[in-house]
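**Student:** Following this message is one structure expressed as structure tokens.
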2 protein chains.
Amino acid sequence: MTPTAEATAQGGTTPAAPAGPAERSWTVGELADELGITTRTLRFYEAEGLIAPARAGSARVYDHRDRTRLRLILRGKRFGMSLSEIREIVDMYDGAASSERRQLETLLARLDEITTDLTARQRDLERIMAEVGEVAQQCRDRLAQLS
Amino acid sequence: MTPTAEATAQGGTTPAAPAGPAERSWTVGELADELGITTRTLRFYEAEGLIAPARAGSARVYDHRDRTRLRLILRGKRFGMSLSEIREIVDMYDGAASSERRQLETLLARLDEITTDLTARQRDLERIMAEVGEVAQQCRDRLAQLS
DNA sequence: CGACATGTTGACGTTTACGTCAACGTTAAG
DNA sequence: CTTAACGTTGACGTAAACGTCAACATGTCG
């Protein structure tokens with residue numbers, strides 16, 4: 001329904017648009033390509049409440065905010081967070097604009113926990129890198145021994 | 001079968017054993033408790049070829065090497081590696097004792113790749129921490145505004 | 001000697017994070 | 001107007017990483 005004037009904001013560089021900072025938008029396919037994921041994944045994340053792109057009729061329309069959020073999500077994934085953990089965090093980005101003291105305080109407390117966890121992970125990472133480095137050194141030593 | 005003299009190495013502190021540095025060993029349950037995982041997980045890792053504990057009859061007997069390896073495995077898991085990736089790495093720990101030039105060289109190359117990946121993850125982590133820190137700061141600002 | 005704790009091997013169930021169709025609507029080109 | 005490209009919503013399949021349960025052996029305490 002309503003297929004009237006939906007095809008807005010397309011031309012990359014609107015020459016001299018006086019009242020708009022060239023609001024770029026993406027389709028599922030475009031964004032999926034750019035992020036190196038599939039459209040299925042994007043729809044899945046939406047169903048899981050991780051993102052909520054606008055719609056042009058029934059088609060999804062992603063903006064900069066969505067894109068940023070997605071990159072955050074993928075970054076979280078890359079170092080082992082589950083989608084529900086990620087959702088918890090990205091939801092906080094919205095919650096930080098709250099104006100209720102109680103809500104802000106519990107949010108801050110949770111952020112502290114997360115920071116603690118992240119710090120621990122950082123240490124884990126350093127240890128792993130150190131150990132990988134050790135093994136590499138052993139390799140080099142052995143190679144040297146083989147003159 | 002062969003349930004003869006298997007119950008070795010039990011008493012924590014053999015009073016004055018002259019020729020042994022008190023080789024400690026663990027049962028599945030003990031090790032699972034210590035590592036905060038279940039016995040099922042330990043058996044699963046074994047089936048997947050990640051560890052190969054000794055046997056006393058049919059019972060599994062883990063030594064220090066197994067325990068170290070397990071901690072490595074869990075460390076890897078904690079920051080998002082799959083079990084097959086982990087297996088690849090822990091196998092290298094054994095491979096580093098090789099004496100074949102070719103093998104050592106491919107191993108070193110792989111270790112370089114891994115290091116690159118780990119470095120990338122480190123950056124991801126730093127970014128996430130920075131962003132979480134920003135959100136926390138926003139919270140504090142808003143709390144301050146509520147005087 | 002019987003109960004109980006702990007071990008063993010299957011075999012099957014479950015959750016997460018998507019992949020893979022199928023069936024359909026909508027512009028864009030030829 | 002047909003075809004093709006891209007979008008939509010289900011519905012079902014799947015691989016990884018265990019959990020759960022059954023059926024059994026073994027050692028030990030009272």
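Within each chain, counting starts at residue 1; across the structure tokens, chains are named A, B, ... in the order shown, with ligands numbered 1 upward in that order.
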Could you list, with a cut-off of 9 Å and counting only C-alpha atoms (C1' of nucleotides), the residues of chain C near chain A, each shown with its nearest atom pair and the distance in Å rounded to one decimal, rows sorted by chain and ascending number, as a Markdown table?

**Tutor:**
```
| residue | atom | partner | partner_atom | distance |
| --- | --- | --- | --- | --- |
| C:DT16 | C1' | A:Ser82 | CA | 8.4 |
| C:DA17 | C1' | A:Thr41 | CA | 8.5 |
| C:DC18 | C1' | A:Thr41 | CA | 6.6 |
| C:DG19 | C1' | A:Arg40 | CA | 8.2 |
```

**Student:** So which residues touch stretch 21-27 of chain D within 9 Å, counting only C-alpha atoms (C1' of nucleotides), skipping near sequence neighbours fewer than 4 positions away, as a PyMOL selection string?

**Tutor:** chain C and resi 6-9+11-12

**Student:** I need the chosen residues saved as a CSV table (one decimal), in the first residue's frame, with N, CA and C atoms (P, O5', C5', C4', C3', O3' and C1' of nucleotides).

**Tutor:**
```csv
chain,number,residue,atom,x,y,z
C,6,DT,P,30.2,-37.7,44.8
C,6,DT,O5',30.8,-38.5,43.6
C,6,DT,C5',32.0,-39.2,43.8
C,6,DT,C4',32.3,-40.1,42.6
C,6,DT,C3',32.2,-39.3,41.2
C,6,DT,O3',33.5,-39.2,40.7
C,6,DT,C1',31.2,-41.5,41.1
C,7,DG,P,33.7,-38.5,39.3
C,7,DG,O5',33.7,-39.7,38.2
C,7,DG,C5',34.8,-40.5,38.1
C,7,DG,C4',34.4,-41.8,37.4
C,7,DG,C3',34.0,-41.6,35.9
C,7,DG,O3',35.1,-41.6,35.0
C,7,DG,C1',32.7,-43.3,37.0
C,8,DT,P,34.9,-41.1,33.6
C,8,DT,O5',34.1,-42.3,32.9
C,8,DT,C5',34.7,-43.6,32.8
C,8,DT,C4',33.9,-44.6,32.0
C,8,DT,C3',33.3,-44.1,30.7
C,8,DT,O3',34.2,-44.3,29.7
C,8,DT,C1',31.6,-45.2,32.0
C,9,DT,P,34.0,-43.5,28.3
C,9,DT,O5',32.7,-44.2,27.6
C,9,DT,C5',32.8,-45.6,27.2
C,9,DT,C4',31.5,-46.1,26.8
C,9,DT,C3',31.0,-45.5,25.5
C,9,DT,O3',30.6,-46.6,24.6
C,9,DT,C1',29.3,-45.3,27.2
C,11,DA,P,24.3,-45.7,19.9
C,11,DA,O5',23.1,-44.9,20.4
C,11,DA,C5',22.3,-45.3,21.5
C,11,DA,C4',21.2,-44.3,21.8
C,11,DA,C3',20.8,-43.4,20.6
C,11,DA,O3',19.4,-43.3,20.6
C,11,DA,C1',21.5,-42.0,22.4
C,12,DC,P,18.6,-42.7,19.3
C,12,DC,O5',17.8,-41.5,19.8
C,12,DC,C5',17.2,-41.6,21.1
C,12,DC,C4',17.2,-40.2,21.7
C,12,DC,C3',16.7,-39.1,20.8
C,12,DC,O3',15.6,-38.4,21.4
C,12,DC,C1',18.6,-38.4,22.0
```

**Student:** For atom CA of A:Ile128 and atom CA of B:Thr115, quote the distance in Å rounded to one decimal.

**Tutor:**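 If I compute the distance from atom CA of A:Ile128 to atom CA of B:Thr115, I get 9.4 Å.
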
**Student:** With only C-alpha atoms (C1' of nucleotides) considered, list every residue of chain D at most 9 Å from chain A, as a list in words.

**Tutor:**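 Within 9 Å of chain A on chain D, we get DC6, DG7 and DT8 of chain D.
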
**Student:** Step one, run DSSP on the backbone; step two, keep only residues of chain A assigned to strand (DSSP E); then write them as a PDB file with C-alpha atoms, in the first residue's frame.

**Tutor:**
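Done, and the output landed in selection.pdb:
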```pdb
ATOM      1  CA  ALA A  54      12.243   2.236   8.936  1.00  0.00           C
ATOM      2  CA  ARG A  55       9.944   0.957   6.235  1.00  0.00           C
ATOM      3  CA  ALA A  56       9.059   2.300   2.823  1.00  0.00           C
ATOM      4  CA  ALA A  59      10.681  -2.606   2.282  1.00  0.00           C
ATOM      5  CA  ARG A  60      13.294  -2.005   4.951  1.00  0.00           C
ATOM      6  CA  VAL A  61      15.163   1.291   4.862  1.00  0.00           C
TER       7      VAL A  61
END
```
